[in-house]
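Source file: target-v1.cif; contents: mmCIF, C-alpha atoms.
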data_structure
loop_
_atom_site.label_atom_id
_atom_site.label_comp_id
_atom_site.auth_asym_id
_atom_site.auth_seq_id
_atom_site.Cartn_x
_atom_site.Cartn_y
_atom_site.Cartn_z
CA MET A 1 173.38 -214.23 -28.54
CA THR A 2 173.60 -217.65 -26.63
CA THR A 3 173.23 -219.66 -29.83
CA THR A 4 176.15 -217.83 -31.37
CA ARG A 5 178.36 -218.62 -28.38
CA LYS A 6 177.44 -222.36 -28.44
CA THR A 7 178.25 -222.61 -32.11
CA THR A 8 181.62 -220.95 -31.58
CA THR A 9 182.47 -223.32 -28.65
CA VAL A 10 181.60 -226.47 -30.59
CA PHE A 11 183.65 -225.28 -33.55
CA LEU A 12 186.69 -224.62 -31.35
CA THR A 13 186.32 -228.02 -29.55
CA VAL A 14 186.23 -229.92 -32.83
CA LEU A 15 189.23 -227.98 -34.10
CA CYS A 16 191.24 -228.67 -30.95
CA GLY A 17 190.34 -232.40 -31.19
CA LEU A 18 191.61 -232.59 -34.73
CA LEU A 19 194.85 -230.85 -33.82
CA LEU A 20 195.47 -233.15 -30.84
CA THR A 21 194.73 -236.23 -32.96
CA ILE A 22 197.24 -235.18 -35.59
CA ALA A 23 199.83 -234.44 -32.91
CA GLY A 24 199.28 -237.87 -31.22
CA LEU A 25 199.68 -239.75 -34.47
CA VAL A 26 202.84 -237.92 -35.38
CA GLN A 27 204.40 -238.31 -31.89
CA ARG A 28 203.10 -241.88 -31.48
CA TRP A 29 201.56 -241.24 -28.12
CA PRO A 30 200.77 -244.32 -25.99
CA GLY A 31 197.32 -245.83 -26.22
CA TRP A 32 196.10 -244.76 -22.78
CA THR A 33 196.33 -241.05 -23.79
CA TRP A 34 193.53 -241.29 -26.33
CA PRO A 35 190.70 -241.95 -23.85
CA VAL A 36 191.97 -239.12 -21.63
CA LEU A 37 191.95 -236.64 -24.54
CA ALA A 38 188.43 -237.65 -25.52
CA ALA A 39 187.18 -237.07 -21.97
CA LEU A 40 188.80 -233.64 -21.81
CA LEU A 41 187.23 -232.57 -25.08
CA LEU A 42 183.78 -233.45 -23.70
CA VAL A 43 184.18 -231.99 -20.21
CA LEU A 44 185.96 -228.68 -20.96
CA PRO A 45 183.15 -227.13 -23.14
CA ALA A 46 180.54 -227.91 -20.48
CA VAL A 47 182.65 -226.32 -17.72
CA THR A 48 183.33 -223.28 -19.88
CA PHE A 49 179.59 -222.68 -20.48
CA ARG A 50 178.86 -223.06 -16.79
CA VAL A 51 181.48 -220.50 -15.71
CA ALA A 52 180.49 -217.99 -18.41
CA SER A 53 176.81 -218.09 -17.44
CA GLN A 54 177.62 -217.46 -13.76
CA ARG A 55 179.88 -214.48 -14.51
CA ARG A 56 177.56 -212.81 -17.02
CA GLY A 57 174.74 -211.95 -14.54
CA PRO A 58 171.40 -210.20 -15.39
CA VAL A 59 171.14 -207.28 -17.93
CA PRO A 60 171.05 -204.03 -15.85
CA VAL A 61 169.40 -201.80 -18.46
CA SER A 62 166.16 -202.49 -20.25
CA PHE A 63 166.34 -203.08 -23.95
CA GLU A 64 163.96 -200.25 -24.78
CA GLU A 65 166.21 -197.68 -23.15
CA GLN A 66 169.06 -198.69 -25.43
CA LEU A 67 167.11 -197.91 -28.63
CA THR A 68 168.28 -194.88 -30.69
CA ALA A 69 165.79 -191.95 -30.78
CA ALA A 70 163.82 -191.70 -34.00
CA PRO A 71 165.07 -188.88 -36.30
CA VAL A 72 162.94 -185.74 -36.65
CA GLU A 73 160.87 -186.09 -39.77
CA ARG A 74 160.80 -183.01 -42.03
CA THR A 75 158.55 -182.73 -45.06
CA GLU A 76 157.66 -180.03 -47.59
CA TYR A 77 154.80 -178.92 -49.83
CA ARG A 78 154.79 -176.48 -52.79
CA VAL A 79 152.14 -173.71 -52.79
CA ASN A 80 151.49 -172.00 -56.16
CA ARG A 81 149.69 -168.76 -57.07
CA VAL A 82 147.68 -168.09 -53.92
CA ALA A 83 145.93 -164.66 -53.84
CA LEU A 84 146.83 -162.54 -50.82
CA PRO A 85 144.90 -159.29 -50.13
CA SER A 86 146.68 -155.93 -50.17
CA LEU A 87 145.94 -152.61 -48.49
CA TRP A 88 143.84 -151.54 -51.50
CA ASP A 89 140.52 -153.20 -52.27
CA ASP A 90 140.38 -155.44 -55.35
CA TYR A 91 144.19 -155.58 -55.63
CA HIS A 92 145.74 -158.93 -54.70
CA PHE A 93 149.27 -160.30 -54.57
CA VAL A 94 150.06 -163.66 -56.19
CA PHE A 95 152.02 -165.76 -53.64
CA SER A 96 154.06 -168.93 -54.28
CA ALA A 97 156.44 -170.72 -51.89
CA THR A 98 157.77 -174.06 -50.63
CA VAL A 99 156.33 -174.83 -47.16
CA ARG A 100 158.43 -176.94 -44.78
CA TRP A 101 157.41 -178.26 -41.36
CA CYS A 102 158.39 -180.58 -38.53
CA SER A 103 156.25 -182.25 -35.87
CA ALA A 104 155.91 -180.56 -32.50
CA ASP A 105 153.47 -183.02 -30.86
CA GLY A 106 153.68 -183.19 -27.08
CA PRO A 107 152.29 -185.76 -24.64
CA GLY A 108 148.58 -186.23 -24.93
CA ARG A 109 148.24 -184.74 -28.42
CA GLY A 110 146.52 -186.65 -31.15
CA THR A 111 148.02 -187.70 -34.44
CA VAL A 112 147.71 -185.21 -37.31
CA VAL A 113 146.31 -186.86 -40.41
CA ASN A 114 147.15 -183.99 -42.80
CA PRO A 115 150.19 -182.08 -41.49
CA ALA A 116 150.67 -180.38 -44.88
CA GLY A 117 147.31 -178.64 -44.50
CA LEU A 118 148.21 -177.30 -41.07
CA ALA A 119 151.63 -176.13 -42.25
CA VAL A 120 150.27 -174.36 -45.35
CA ASP A 121 147.51 -172.67 -43.33
CA ALA A 122 150.05 -171.45 -40.77
CA VAL A 123 152.36 -170.00 -43.43
CA LEU A 124 149.54 -168.34 -45.38
CA SER A 125 148.15 -166.77 -42.19
CA ARG A 126 151.53 -165.23 -41.41
CA ALA A 127 151.95 -164.01 -44.99
CA ARG A 128 148.44 -162.52 -45.13
CA ALA A 129 148.91 -160.60 -41.86
CA ILE A 130 151.82 -158.75 -43.50
CA ALA A 131 150.51 -158.40 -47.08
CA GLU A 132 147.15 -156.84 -46.17
CA LYS A 133 149.00 -153.87 -44.65
CA ARG A 134 151.10 -153.13 -47.75
CA GLU A 135 150.22 -151.16 -50.88
CA PRO A 136 150.13 -153.16 -54.14
CA GLY A 137 152.75 -150.97 -55.79
CA HIS A 138 155.56 -152.45 -53.66
CA ALA A 139 155.31 -156.16 -54.53
CA SER A 140 159.05 -156.66 -55.07
CA LEU A 141 159.88 -155.10 -51.70
CA LEU A 142 157.20 -157.17 -49.95
CA GLN A 143 158.64 -160.36 -51.45
CA HIS A 144 161.92 -159.82 -49.61
CA GLU A 145 160.07 -158.86 -46.43
CA LEU A 146 158.13 -162.14 -46.49
CA GLY A 147 161.33 -164.02 -47.22
CA GLY A 148 162.68 -162.86 -43.88
CA ALA A 149 159.43 -163.18 -41.88
CA LEU A 150 158.66 -166.75 -43.06
CA SER A 151 162.21 -168.10 -42.81
CA ARG A 152 161.79 -169.13 -39.14
CA MET A 153 160.11 -172.29 -37.86
CA CYS A 154 157.07 -171.08 -35.90
CA PRO A 155 154.29 -173.20 -34.33
CA ASP A 156 150.86 -173.25 -35.93
CA SER A 157 147.70 -172.24 -34.08
CA THR A 158 147.07 -175.81 -32.82
CA GLY A 159 150.64 -176.38 -31.61
CA HIS A 160 150.98 -179.73 -33.45
CA LEU A 161 153.80 -178.66 -35.75
CA ARG A 162 156.22 -175.85 -36.65
CA ALA A 163 156.26 -174.44 -40.20
CA MET A 164 158.27 -172.09 -42.42
CA ALA A 165 158.50 -171.14 -46.13
CA GLU A 166 161.30 -170.66 -48.65
CA ASP A 167 161.68 -170.00 -52.41
CA ILE A 168 159.06 -167.26 -52.05
CA SER A 169 157.67 -165.50 -55.12
CA LEU A 170 155.29 -162.52 -54.88
CA THR A 171 153.93 -160.63 -57.91
CA LEU A 172 150.92 -158.65 -59.13
CA PRO A 173 148.68 -159.68 -62.04
CA ASP A 174 149.74 -157.96 -65.27
CA GLU A 175 146.47 -156.06 -65.65
CA ASP A 176 146.71 -154.68 -62.10
CA GLN A 177 150.31 -153.61 -62.70
CA GLU A 178 149.22 -151.75 -65.86
CA ARG A 179 146.50 -149.95 -63.90
CA LEU A 180 149.00 -148.91 -61.24
CA ASP A 181 151.35 -147.60 -63.92
CA ARG A 182 148.57 -145.51 -65.46
CA LEU A 183 147.57 -144.16 -62.05
CA ALA A 184 151.17 -143.19 -61.39
CA ASP A 185 151.34 -141.30 -64.70
CA VAL A 186 148.11 -139.46 -63.89
CA ARG A 187 149.41 -138.45 -60.46
CA LYS A 188 152.64 -137.15 -61.99
CA ASP A 189 150.75 -135.15 -64.63
CA GLU A 190 148.43 -133.79 -61.98
CA ALA A 191 151.39 -132.65 -59.88
CA VAL A 192 152.90 -130.87 -62.90
CA TRP A 193 149.55 -129.24 -63.72
CA GLU A 194 149.15 -128.12 -60.11
CA HIS A 195 152.56 -126.46 -60.18
CA GLN A 196 151.70 -124.75 -63.47
CA ARG A 197 148.39 -123.52 -62.05
CA LYS A 198 150.11 -122.09 -58.98
CA TYR A 199 152.68 -120.45 -61.25
CA GLU A 200 149.94 -118.84 -63.35
CA GLN A 201 148.07 -117.68 -60.23
CA SER A 202 151.27 -116.16 -58.86
CA LYS A 203 151.92 -114.46 -62.19
CA ARG A 204 148.38 -113.04 -62.30
CA ARG A 205 148.72 -111.73 -58.75
CA TYR A 206 152.03 -110.16 -59.68
CA LEU A 207 150.57 -108.45 -62.74
CA GLY A 208 147.25 -107.46 -61.18
CA GLU A 209 148.36 -106.47 -57.67
CA ASP A 210 151.79 -105.08 -58.49
CA VAL A 211 152.50 -104.30 -62.16
CA LEU A 212 149.04 -103.12 -63.24
CA LYS A 213 147.95 -101.76 -59.89
CA ASP A 214 147.92 -98.29 -61.42
CA THR A 215 149.35 -96.49 -64.43
CA GLY A 216 152.45 -95.38 -62.52
CA SER A 217 153.38 -98.94 -61.59
CA ALA A 218 152.81 -100.05 -65.19
CA VAL A 219 155.07 -97.27 -66.51
CA VAL A 220 157.90 -98.21 -64.11
CA TRP A 221 157.55 -101.89 -65.02
CA TRP A 222 157.56 -101.05 -68.75
CA LEU A 223 160.73 -98.95 -68.32
CA THR A 224 162.57 -101.90 -66.80
CA LYS A 225 161.35 -104.16 -69.59
CA ASN A 226 162.63 -101.77 -72.30
CA ASP A 227 166.04 -101.07 -70.80
CA GLU A 228 164.96 -97.64 -69.59
CA HIS A 229 164.08 -96.35 -73.09
CA VAL A 230 162.10 -93.33 -72.07
CA ALA A 231 160.93 -92.47 -75.58
CA LYS A 232 159.36 -95.87 -76.14
CA THR A 233 157.72 -95.81 -72.72
CA VAL A 234 156.24 -92.37 -73.38
CA ALA A 235 154.93 -93.57 -76.75
CA ASP A 236 153.27 -96.53 -75.04
CA LEU A 237 151.80 -94.46 -72.23
CA PRO A 238 148.26 -94.34 -73.72
CA LEU A 239 148.33 -98.10 -74.20
CA LEU A 240 149.52 -98.63 -70.62
CA ALA A 241 146.75 -96.36 -69.33
CA GLN A 242 144.09 -98.34 -71.18
CA LEU A 243 145.62 -101.66 -70.10
CA THR A 244 145.72 -100.61 -66.45
CA SER A 245 142.12 -99.40 -66.48
CA ALA A 246 140.96 -102.63 -68.13
CA ALA A 247 142.89 -104.79 -65.63
CA ASN A 248 141.33 -102.97 -62.67
CA ASP A 249 137.90 -102.50 -64.32
CA THR A 250 138.06 -98.74 -63.75
CA ASP A 251 137.86 -95.61 -65.90
CA ILE A 252 140.98 -93.95 -67.30
CA PRO A 253 142.02 -90.97 -65.14
CA GLU A 254 141.11 -87.56 -66.55
CA ARG A 255 144.74 -86.44 -66.73
CA LEU A 256 145.49 -89.27 -69.13
CA LEU A 257 142.44 -89.00 -71.37
CA GLU A 258 144.01 -86.24 -73.47
CA MET A 259 146.88 -88.57 -74.40
CA LEU A 260 144.59 -91.13 -76.05
CA PRO A 261 145.02 -90.89 -79.85
CA ASN A 262 141.38 -91.68 -80.62
CA ARG A 263 139.98 -89.05 -78.25
CA PRO A 264 138.66 -85.90 -80.04
CA GLY A 265 141.18 -83.15 -79.55
CA GLY A 266 143.82 -85.56 -78.33
CA PRO A 267 147.23 -86.26 -79.87
CA GLY A 268 147.11 -87.72 -83.32
CA THR A 269 143.46 -86.87 -83.90
CA PRO A 270 144.00 -85.45 -87.45
CA ASP A 271 145.68 -88.69 -88.52
CA ILE A 272 142.84 -90.95 -87.39
CA ASP A 273 139.90 -91.68 -89.64
CA THR A 274 136.82 -91.25 -87.46
CA GLY A 275 134.66 -92.88 -90.10
CA SER A 276 131.09 -92.18 -91.05
CA ALA A 277 127.69 -93.78 -90.70
CA ASP A 278 128.43 -96.19 -93.53
CA PHE A 279 132.10 -96.81 -92.72
CA PRO A 280 132.95 -97.20 -89.03
CA ALA A 281 136.16 -95.71 -87.64
CA ARG A 282 139.24 -97.86 -87.94
CA GLU A 283 141.39 -98.81 -85.00
CA PRO A 284 144.44 -96.58 -84.48
CA SER A 285 147.62 -98.05 -85.90
CA ALA A 286 151.13 -98.01 -84.50
CA ALA A 287 151.89 -95.01 -86.71
CA ASP A 288 148.90 -93.19 -85.19
CA HIS A 289 150.20 -93.85 -81.69
CA LEU A 290 153.70 -92.70 -82.70
CA SER A 291 152.22 -89.53 -84.20
CA GLY A 292 150.46 -88.85 -80.93
CA PHE A 293 153.76 -89.34 -79.12
CA PHE A 294 155.49 -86.84 -81.43
CA GLU A 295 152.72 -84.31 -80.84
CA ALA A 296 153.02 -84.79 -77.08
CA MET A 297 156.77 -84.24 -77.30
CA GLY A 298 156.30 -81.04 -79.36
CA PHE A 299 157.92 -82.39 -82.55
CA THR A 300 156.37 -80.52 -85.48
CA GLU A 301 155.87 -81.90 -88.96
CA ASP A 302 159.11 -80.37 -90.28
CA ASP A 303 161.19 -81.52 -87.30
CA ASP A 304 163.99 -83.88 -88.42
CA ARG A 305 163.79 -85.70 -85.12
CA ARG A 306 160.51 -87.26 -86.19
CA ALA A 307 162.19 -89.09 -89.09
CA MET A 308 165.20 -90.10 -86.97
CA LEU A 309 163.05 -91.57 -84.19
CA ALA A 310 160.74 -93.20 -86.74
CA ARG A 311 163.72 -95.02 -88.28
CA GLN A 312 164.82 -96.24 -84.84
CA PHE A 313 161.31 -97.47 -84.00
CA SER A 314 161.09 -99.14 -87.40
CA GLN A 315 164.32 -101.08 -86.80
CA LEU A 316 163.13 -102.21 -83.36
CA VAL A 317 159.81 -103.34 -84.79
CA GLU A 318 161.62 -105.14 -87.65
CA GLN A 319 163.58 -107.19 -85.09
CA HIS A 320 160.26 -108.54 -83.79
CA ASN A 321 159.20 -109.63 -87.31
CA ARG A 322 156.51 -106.93 -87.61
CA HIS A 323 157.53 -106.03 -91.15
CA GLU A 324 154.28 -104.33 -92.19
CA THR A 325 154.31 -102.07 -89.13
CA ALA A 326 157.97 -101.16 -89.74
CA GLU A 327 157.23 -100.23 -93.38
CA ASP A 328 154.18 -98.21 -92.30
CA LEU A 329 156.30 -96.17 -89.88
CA LEU A 330 158.90 -95.39 -92.56
CA ARG A 331 156.25 -94.62 -95.17
CA ARG A 332 154.51 -92.15 -92.88
CA PHE A 333 157.39 -90.39 -91.11
CA ASP A 334 160.43 -90.99 -93.34
CA PRO A 335 159.23 -91.29 -96.95
CA PRO A 336 161.89 -91.43 -99.76
CA ARG A 337 162.78 -88.06 -101.25
CA PRO A 338 161.80 -87.37 -104.93
CA PRO A 339 164.65 -87.41 -107.51
CA VAL A 340 166.40 -84.13 -108.33
CA PRO A 341 165.25 -82.89 -111.79
CA GLY A 342 167.92 -83.00 -114.52
CA THR A 343 170.43 -85.19 -112.71
CA GLY A 344 168.90 -88.61 -113.24
CA ALA A 345 170.28 -89.62 -109.89
CA GLU A 346 168.34 -91.63 -107.37
CA PRO A 347 167.10 -89.74 -104.37
CA ALA A 348 169.45 -89.78 -101.43
CA LEU A 349 168.01 -91.19 -98.27
CA ASP A 350 168.02 -88.87 -95.37
CA HIS A 351 169.97 -91.30 -93.19
CA ASP A 352 172.81 -90.21 -91.01
CA PRO A 353 175.49 -92.95 -91.03
CA GLY A 354 176.55 -91.96 -87.59
CA SER A 355 173.06 -91.90 -86.14
CA PRO A 356 171.98 -94.43 -83.48
CA ALA A 357 169.66 -96.04 -86.03
CA GLU A 358 172.65 -97.08 -88.18
CA THR A 359 174.82 -98.19 -85.32
CA ALA A 360 172.12 -100.18 -83.57
#
Represent the structure of the file as structure tokens.
Amino acid sequence: MTTTRKTTTVFLTVLCGLLLTIAGLVQRWPGWTWPVLAALLLVLPAVTFRVASQRRGPVPVSFEEQLTAAPVERTEYRVNRVALPSLWDDYHFVFSATVRWCSADGPGRGTVVNPAGLAVDAVLSRARAIAEKREPGHASLLQHELGGALSRMCPDSTGHLRAMAEDISLTLPDEDQERLDRLADVRKDEAVWEHQRKYEQSKRRYLGEDVLKDTGSAVVWWLTKNDEHVAKTVADLPLLAQLTSAANDTDIPERLLEMLPNRPGGPGTPDIDTGSADFPAREPSAADHLSGFFEAMGFTEDDDRRAMLARQFSQLVEQHNRHETAEDLLRRFDPPRPPVPGTGAEPALDHDPGSPAETA
């Protein structure tokens, strides 16, 4: 600082001397003025330095206090594909992030040789404390949760620095994700199967404890199923009696035994082949059951109502694609009439166009 001032003073003195010399030559000053000017040029700089040094005085503030504080140093380190445990054993998250830190050293603390190691350890400890409490199926949600939890500068366990993380990526290995997807499918299928099982159990309880509790309940249920067709329900009464007894593992009541077509002396007995020692008895057909129904109703062989009802039953059976049964009913109870001799005309079917069978 002093050297700069001396240089400036000398430069100004020389400049002033040159200017005065030029002015004296132009104005033709007398000769005695030149020694006076030379003396002034030598004395004035010395006086000026002396006065300036006395007025300046000592520096009141130490130089060190005037120094600008050093800027806070921030650094970063990239962490890639670190395994973090999850709530489930053997399932790990894959964690990647950019770790940032700043020094937090206080008085008396030593210098940290590897601050990146401390910062990474602090961030991973915070991330692990959260990840090990989460299920592996929610990796995308956990990624955003860690993004918020690790976005703040927090001190490490030693207190030497403060660390945070950004650009966080959290995923599951592909094979673990495939296993989780398969487990999810199995759980969904199991839930559907459980609902189906409960439905079947409820249906069995309904049939066993309500519908087939006894023959009377079965008859009422069958009436509602057949739109209150009494004739059809009566025809199916032997079948309902057998079904009810089988469902409850009991014997058929005595009052209903006479209605069974395959019981000796029961309805329809003449139409059923009881068989022999070489040829066992055949199972009663639908026509046998219908014959037993007609006998129970008191319809004789020459009663026209047998043919009319047989046609109606045949049409109902035909709608359920039981073609052979429908033909068997017509063949047994409503066979075609033989042709009239001498006319050559085809036999007329004994069908009433206005009967319910034609209008059904």
**OP:** Step by step, work through what the PyMOL selection byres ((chain A and resi 298-309) around 8) selects in the shown file, and finish by giving those residues as a ChimeraX atom specification.
**Re:** /A:294-297,310-313,330,333-334,351,357
Original post:
In Å to one decimal, how far is atom CA of Ala163 of chain A from atom CA of Thr98 of chain A?
Top reply: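 Atom CA of Ala163 of chain A lies at a distance of 10.5 Å from atom CA of Thr98 of chain A.
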Original post:
Taking (144.6, -153.8, -55.1) in the file's coordinates as the center, which residues reach within 12 Å of it, counting only C-alpha atoms, put as a PyMOL selection string?
Top reply: chain A and resi 83-94+131-139+171-173+175-180
Which centre and which edge lengths, in Å to one decimal, describe the axis-aligned box that holds all listed atoms of segment 180-188 of chain A after 5 Å is added on each side, as JSON?
{"center_x": 150.1, "center_y": -143.0, "center_z": -63.0, "size_x": 15.1, "size_y": 21.8, "size_z": 15.0}
**OP:** Please identify all polymer residues within 6 Å of segment 231-235 of chain A, counting all atoms listed in the file, omitting same-chain residues fewer than 2 positions from it, and present them as a PyMOL selection string.
**Re:** chain A and resi 229+237+293
**OP:** Select, from A:Cys16, A:Val317, A:Leu161, A:Ala184, the residue with the minimum atom-to-atom distance to Asn114 of chain A, counting all atoms listed in the file.
**Re:** A:Leu161
**OP:** Could you jot down the atom CA of Ser103 of chain A to atom CA of Arg78 of chain A separation for me, Å, one decimal place?
**Re:**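 Going from atom CA of Ser103 of chain A over to atom CA of Arg78 of chain A, I get 17.9 Å.
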**OP:** Could you check which of A:Thr158, A:Ser96, A:Gln242, A:Thr111 is closest to Leu146 of chain A, using all atoms listed in the file?
**Re:**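 Looking at the shortest contact to Leu146 of chain A, the residue is A:Ser96.
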**OP:** Go ahead and compute the interatomic distance for atom CA of His289 of chain A and atom CA of Asp236 of chain A, in Å to one decimal.
**Re:**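 If I compute the distance from atom CA of His289 of chain A to atom CA of Asp236 of chain A, I get 7.8 Å.
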Could segment 190-199 of chain A be completed with all heavy atoms and returned as a short mmCIF file (atom, residue, chain, number, x, y, z; two decimals), in the frame of the given file?
data_model
loop_
_atom_site.label_atom_id
_atom_site.label_comp_id
_atom_site.auth_asym_id
_atom_site.auth_seq_id
_atom_site.Cartn_x
_atom_site.Cartn_y
_atom_site.Cartn_z
N GLU A 190 149.20 -134.68 -62.84
CA GLU A 190 148.43 -133.79 -61.98
C GLU A 190 149.34 -132.91 -61.14
O GLU A 190 149.05 -131.72 -60.93
CB GLU A 190 147.52 -134.61 -61.07
CG GLU A 190 146.59 -133.77 -60.21
CD GLU A 190 145.69 -134.62 -59.34
OE1 GLU A 190 145.89 -135.86 -59.32
OE2 GLU A 190 144.80 -134.07 -58.67
N ALA A 191 150.45 -133.46 -60.67
CA ALA A 191 151.39 -132.65 -59.88
C ALA A 191 152.00 -131.54 -60.74
O ALA A 191 152.14 -130.40 -60.29
CB ALA A 191 152.48 -133.55 -59.31
N VAL A 192 152.35 -131.88 -62.01
CA VAL A 192 152.90 -130.87 -62.90
C VAL A 192 151.86 -129.79 -63.18
O VAL A 192 152.15 -128.58 -63.16
CB VAL A 192 153.38 -131.53 -64.21
CG1 VAL A 192 153.79 -130.47 -65.23
CG2 VAL A 192 154.55 -132.46 -63.94
N TRP A 193 150.61 -130.22 -63.44
CA TRP A 193 149.55 -129.24 -63.72
C TRP A 193 149.32 -128.35 -62.50
O TRP A 193 149.07 -127.14 -62.65
CB TRP A 193 148.26 -129.98 -64.08
CG TRP A 193 147.12 -129.06 -64.37
CD1 TRP A 193 146.82 -128.44 -65.55
CD2 TRP A 193 146.12 -128.63 -63.43
NE1 TRP A 193 145.70 -127.67 -65.41
CE2 TRP A 193 145.25 -127.75 -64.13
CE3 TRP A 193 145.89 -128.90 -62.09
CZ2 TRP A 193 144.17 -127.16 -63.51
CZ3 TRP A 193 144.81 -128.30 -61.47
CH2 TRP A 193 143.96 -127.45 -62.17
N GLU A 194 149.36 -128.91 -61.31
CA GLU A 194 149.15 -128.12 -60.11
C GLU A 194 150.23 -127.07 -59.95
O GLU A 194 149.95 -125.91 -59.58
CB GLU A 194 149.12 -129.05 -58.89
CG GLU A 194 148.86 -128.35 -57.57
CD GLU A 194 147.45 -127.78 -57.48
OE1 GLU A 194 146.57 -128.22 -58.26
OE2 GLU A 194 147.24 -126.88 -56.65
N HIS A 195 151.47 -127.43 -60.25
CA HIS A 195 152.56 -126.46 -60.18
C HIS A 195 152.37 -125.36 -61.24
O HIS A 195 152.61 -124.16 -60.96
CB HIS A 195 153.90 -127.15 -60.38
CG HIS A 195 154.38 -127.88 -59.15
ND1 HIS A 195 154.82 -127.24 -58.03
CD2 HIS A 195 154.47 -129.20 -58.89
CE1 HIS A 195 155.17 -128.12 -57.12
NE2 HIS A 195 154.96 -129.32 -57.61
N GLN A 196 151.95 -125.76 -62.44
CA GLN A 196 151.70 -124.75 -63.47
C GLN A 196 150.57 -123.81 -63.07
O GLN A 196 150.65 -122.59 -63.30
CB GLN A 196 151.36 -125.45 -64.79
CG GLN A 196 152.54 -126.18 -65.42
CD GLN A 196 152.14 -126.91 -66.69
OE1 GLN A 196 150.96 -127.11 -66.96
NE2 GLN A 196 153.13 -127.31 -67.48
N ARG A 197 149.51 -124.37 -62.47
CA ARG A 197 148.39 -123.52 -62.05
C ARG A 197 148.83 -122.53 -60.98
O ARG A 197 148.46 -121.34 -61.02
CB ARG A 197 147.26 -124.41 -61.51
CG ARG A 197 146.00 -123.65 -61.16
CD ARG A 197 144.91 -124.61 -60.71
NE ARG A 197 145.29 -125.26 -59.46
CZ ARG A 197 145.05 -124.74 -58.25
NH1 ARG A 197 144.46 -123.57 -58.14
NH2 ARG A 197 145.39 -125.41 -57.17
N LYS A 198 149.62 -123.00 -60.02
CA LYS A 198 150.11 -122.09 -58.98
C LYS A 198 151.02 -121.02 -59.58
O LYS A 198 151.00 -119.86 -59.14
CB LYS A 198 150.85 -122.88 -57.92
CG LYS A 198 149.95 -123.77 -57.08
CD LYS A 198 150.74 -124.51 -56.02
CE LYS A 198 149.83 -125.36 -55.15
NZ LYS A 198 150.60 -126.11 -54.12
N TYR A 199 151.82 -121.43 -60.59
CA TYR A 199 152.68 -120.45 -61.25
C TYR A 199 151.84 -119.38 -61.95
O TYR A 199 152.14 -118.18 -61.86
CB TYR A 199 153.60 -121.16 -62.23
CG TYR A 199 154.32 -120.23 -63.18
CD1 TYR A 199 155.38 -119.44 -62.75
CD2 TYR A 199 153.93 -120.14 -64.52
CE1 TYR A 199 156.03 -118.58 -63.61
CE2 TYR A 199 154.57 -119.29 -65.39
CZ TYR A 199 155.63 -118.51 -64.93
OH TYR A 199 156.27 -117.66 -65.79
#
